[in-house]
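> One structure follows; several queries about it will come next.
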Amino acid sequence: MLDEAPAPVVAQRSRDNRPAKCATTTKTTCPYCGVGCGVLATPDGAGGAKIAGDPNHPANFGRLCSKGSVLDETLALEGRLLHPMMRDAEGELHRASWDEALDRVAREFARIIARDGPNAVAIYLSGQLLTEDYYVANKLMKGFIGSSNVDTNSRLCMASTVAGQRRAFGFDTVPGCYEDLDCADLIVLVGSNAAWCHPILYQRMLRNKQGRGAKIVVIDPRKTATSEEADLFLGIAPGMDQALFCGLLVHLARSGALDQDFVRRHTAGFDETLARARALTPSIAATAAITGLRECDIAVFFEMFAATPSTVTCFSQGVNQSAQGTDKVNAIINCHLATGRIGKPGASPFSLTGQPNAMGGREVGGLANQLAAHMGFEPESVDRVRRFWNAPRMAAREGHKAVQMFDAVARGEIKALWVIGTNPAASLPNADAARAALGKLELFVVSDNVFSNDTINARPHVLLPAQAWGEKDGTVTNSERRISRQRAFAPAPGEARADWLIFSQVGERMGFSGFDFPQVADVFREHAALSAFENDGSRDFELGGLAGLSDEVYDALEPTQWPIRAGETKGRARLFGDGDFFTPGRRARFVAPEPPALKTKTSRLYPLRLNTGRVRDQWHTMTRTGSSPRLARHLPEPFIEINGADARLFSLTDGDFARVSTEWGACVLRVIVTDRQPRGLVFAPIHWTDATSSNARIGALVAPFTDPISGQPETKATPVALTPCAFSSNGFLLSRRTVIPPDDGWWARVAIPGGWGYKIASNAAPPSWRDFLTDGFSREDVVEYVDDARGIFRAAAFDGDRLECVVFIGPDPDPGWEATLKVFHQDSITAPQRASLLSGRSRDGAADCGPVICACFGVGAEAIEAAIAGGCASPAAIGEKLRAGTNCGSCVPEIRRLIAIGGSAH
Ligand code: SF4
């Protein structure tokens, strides 16, 4: 935490969103997860910035996790899309002017709409966009084009929570706030690896545990960093969460733990829901039979929940990403309604949102089944929004949700698609099919700030350069309904523009009125005014109190929670504590879930289930985090985790490669054998794409089945097969620029200081590597070490004193990676360094330190293991000796795990 935060200087911005004067320190918000941490950014005058946590932001009070801490490493312009581009009749991309590009988008949209109707066009948005971007996109599509085919990658993230909350509360309302995590006596985490995915909130929970003695229960099919700190871990069978919470509801009723008064006065549907729960899970034994848990563990959990009025149940992707995700959300909410534990200090169900502005997108109707300001497609809402916008062609019904949208593209029904700030060719389920569908479009437009990713490489007709974090200006809303400003602290490079402005300019070109927003504050004011329009308090979302704020007040807006009703200056931290809900009868609704059933069955061909998720130090498809060398050192290559017994069954050992295949696609991944995985279930992270690996697009493996209510895909239970995949050699390649390694082997790319590092497995013989090096780099100055008998080939290419490329290939996995990195990052190397380079040993004798556990101080697993062997028996002792874990704390669960297993994980 900073002791003295520099005073922020906030600049007025013009319509093109460039700072009008140079800022010193700017208060902004982290662009990654839904915790929504406040960040202080101080430009260094050379295109970079010093990054620190904002000590006054109520989400993080100055703390940042490993990802937020190294935002400074992601500001470089390498790989940025800087100018509009258009593809010509021959299929070649050319630089274009903004006028040419926007004219083409507007003209082609209008032509296709005139011929095939408004539903032949679609927009696919991102939870990374700002609320103002989302607002203008939705206004354009739903109000003026007349199509609801506008959806977002948030569909893949938390749509089931939206649907579950709407069923229970009438609207998509999060009842609680982060302070509840400080004062709860019991925190239940369901389907949430918060230690890695919401690190700052998780550390807040740990401080409660350490300071107040709060208990933590983790419910997850696999052991994660989060479960390391749990008082009770329930390793539930995949997809069975609603059975556990039905069993809990039955137990609460049986043990007299219900809040009868709250249920009678403020809810509806309890008796039917309890009856359905009793039919499914009449006893602890029945609950155990369905969930695969031990009866004694279930009994302990049920007793803890029943006996602890101050309970928060946090749930995340493990609940949402399911073909029954909505039912799972309602099963959790049911237990909180039944005990009256909702919207009270330390007592609430709590959805941990994945993306930084998933909630902001929901506020303005970023989902195809919502309108704007949390309204749905009821006729009175459609009419209200039509009148407010003076909209000529108001969409009157829901559009295609994400997976269905790409199905409609594949069928040729959607003929024009505009993708903004997201990478669906990699991240959608059945991603190969989604990518192939893009080739059928008559008009394919991408707005992004990078020049290359799997979606952009699918050959869009128009590429529009968008501003990135640090250049954008607007608002985001985090998991606790808190709106924070994301402010620009750097000028936009090249011709990059704000997304809201790009949408507005297309709207104007299509002849629509109401898109002449002079600046971003005007978009916010209109959004706030719509939320208050004809809102008598019956709609949850309202920013009426902010609808008239001046430009200066908008620029200086402090983080604030909604709703803020007209005439109010402050929002509300909690909702529903008084039992007043937003349903027509003002009662919450119990919803009886369907019995749990996975959409897909394992078989002889696909005998395991694939669970997908994130790693601690990467975000989405790595278009931002992938440029940070420090983040790359945690887990630098795509992998699959498998239980030891399953590994033996499929003839795999730790460090092998496996071909991982499903009915929908295949990948090749490094095998990690671990007891963190239960038998029958494997886990792979989602981050790698064709841009960063040879064959590790996890989205291509995932079944495209969706929840019938939320439309969210089931991304955590696809049947899968693993078979060994052998390569004759392993190694690495370091290069100043991105390259494609030779042959059809395996590779994965990470950022390293001074260039790019490739982990490699290959069947290529030394001559192929020699050709690769001399063709791609220098023919003049190449040194080689070749040992044909042992299958070793090592070589380096130089440009004067500067090392341009290094290749190490041999039978052992990447010997010398660490030592060579140390030399490679130098601008010039000395003669002794050159002489010892191909030995793979550094001249200071440093050995490979293993995967980096502490990203902040670059401390590797082997150093931590040595400290444990030397007597360090706690994270505090490790921190004192090595500093590991003493900054952001994101690695403390992994340090604790290494201590627990005696420091021999590697
Ligand atoms: S927890 Fe980390 S990734 Fe999430 S908002 Fe905070 S700093 Fe960013």
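Just so we're on the same page: first chain in the structure tokens is A, next is B, and so on; residues restart at 1 for each chain, and ligands are numbered from 1 in the order they show up.
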Counting only C-alpha atoms, what is within 9 Å of Ser828 in chain A, bar same-chain residues fewer than 6 positions away, as a PDB file with all heavy atoms, in the first residue's frame?


ATOM      1  N   GLY A 800      26.463  -8.455 -34.649  1.00  0.00           N
ATOM      2  CA  GLY A 800      27.489  -7.791 -33.854  1.00  0.00           C
ATOM      3  C   GLY A 800      27.554  -8.418 -32.467  1.00  0.00           C
ATOM      4  O   GLY A 800      27.643  -9.633 -32.338  1.00  0.00           O
ATOM      5  N   ASP A 801      27.450  -7.583 -31.411  1.00  0.00           N
ATOM      6  CA  ASP A 801      27.472  -8.109 -30.032  1.00  0.00           C
ATOM      7  C   ASP A 801      26.090  -8.519 -29.567  1.00  0.00           C
ATOM      8  O   ASP A 801      25.920  -8.919 -28.427  1.00  0.00           O
ATOM      9  CB  ASP A 801      27.920  -7.032 -29.027  1.00  0.00           C
ATOM     10  CG  ASP A 801      29.237  -6.458 -29.381  1.00  0.00           C
ATOM     11  OD1 ASP A 801      29.879  -7.075 -30.222  1.00  0.00           O
ATOM     12  OD2 ASP A 801      29.580  -5.411 -28.830  1.00  0.00           O
ATOM     13  N   ARG A 802      25.147  -8.301 -30.404  1.00  0.00           N
ATOM     14  CA  ARG A 802      23.767  -8.529 -29.959  1.00  0.00           C
ATOM     15  C   ARG A 802      23.315  -9.912 -30.392  1.00  0.00           C
ATOM     16  O   ARG A 802      23.444 -10.309 -31.548  1.00  0.00           O
ATOM     17  CB  ARG A 802      22.870  -7.454 -30.594  1.00  0.00           C
ATOM     18  CG  ARG A 802      21.456  -7.441 -30.086  1.00  0.00           C
ATOM     19  CD  ARG A 802      20.782  -6.234 -30.733  1.00  0.00           C
ATOM     20  NE  ARG A 802      19.394  -6.465 -31.049  1.00  0.00           N
ATOM     21  CZ  ARG A 802      18.393  -6.083 -30.270  1.00  0.00           C
ATOM     22  NH1 ARG A 802      18.640  -5.464 -29.146  1.00  0.00           N
ATOM     23  NH2 ARG A 802      17.154  -6.317 -30.633  1.00  0.00           N
ATOM     24  N   LEU A 803      22.787 -10.619 -29.408  1.00  0.00           N
ATOM     25  CA  LEU A 803      22.261 -11.947 -29.665  1.00  0.00           C
ATOM     26  C   LEU A 803      20.896 -11.804 -30.328  1.00  0.00           C
ATOM     27  O   LEU A 803      20.020 -11.113 -29.817  1.00  0.00           O
ATOM     28  CB  LEU A 803      22.116 -12.644 -28.311  1.00  0.00           C
ATOM     29  CG  LEU A 803      21.969 -14.134 -28.192  1.00  0.00           C
ATOM     30  CD1 LEU A 803      22.977 -14.860 -29.037  1.00  0.00           C
ATOM     31  CD2 LEU A 803      22.124 -14.509 -26.728  1.00  0.00           C
TER      32      LEU A 803
END

> Please find the residues contacting ligand 1 at a distance of at most 6 Å between atoms, with only C-alpha atoms and all ligand atoms counted, and report them as JSON, numbers by chain.

{"A": [30, 32, 33, 34, 35, 36, 37, 64, 65, 67, 68, 198, 199, 200]}

> Apply DSSP to the structure's backbone, then extract all residues of range 668-813 of chain A labelled alpha helix (DSSP H) and return them as number ranges by chain.

A: 766-776

> Would you please work out which residue, of A:Gly731, A:Pro563, A:Gly870, A:Gly626, is nearest to Trp817 in chain A when using only C-alpha atoms?

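Of all the options, A:Gly731 lies closest to Trp817 in chain A.
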
> Show me, as a PyMOL selection string, the residues that have an atom within 8 Å of Pro429 in chain A when counting only C-alpha atoms, minus same-chain residues fewer than 3 positions from it.

chain A and resi 403+434+699-704+713+715

> I'd like a table as CSV: residues in range 395-439 of chain A with an atom no more than 12 Å from range 494-514 of chain A, each row giving the shortest atom pair and its distance in Å to one decimal, only C-alpha atoms counted, sorted by chain and rising residue number.


residue,atom,partner,partner_atom,distance
A:Trp418,CA,A:Phe503,CA,10.5
A:Val419,CA,A:Asp499,CA,11.4
A:Ile420,CA,A:Asp499,CA,8.2
A:Gly421,CA,A:Asp499,CA,9.1

> When you look at Arg659 in chain A with a cut-off of 12 Å (counting only C-alpha atoms), what residues show up, excluding the ones that are within fewer than 3 positions of it in the same chain? I need them as a PyMOL selection string.

chain A and resi 639-640+650+652+656+662+665-671+695-696+701+720-727+746
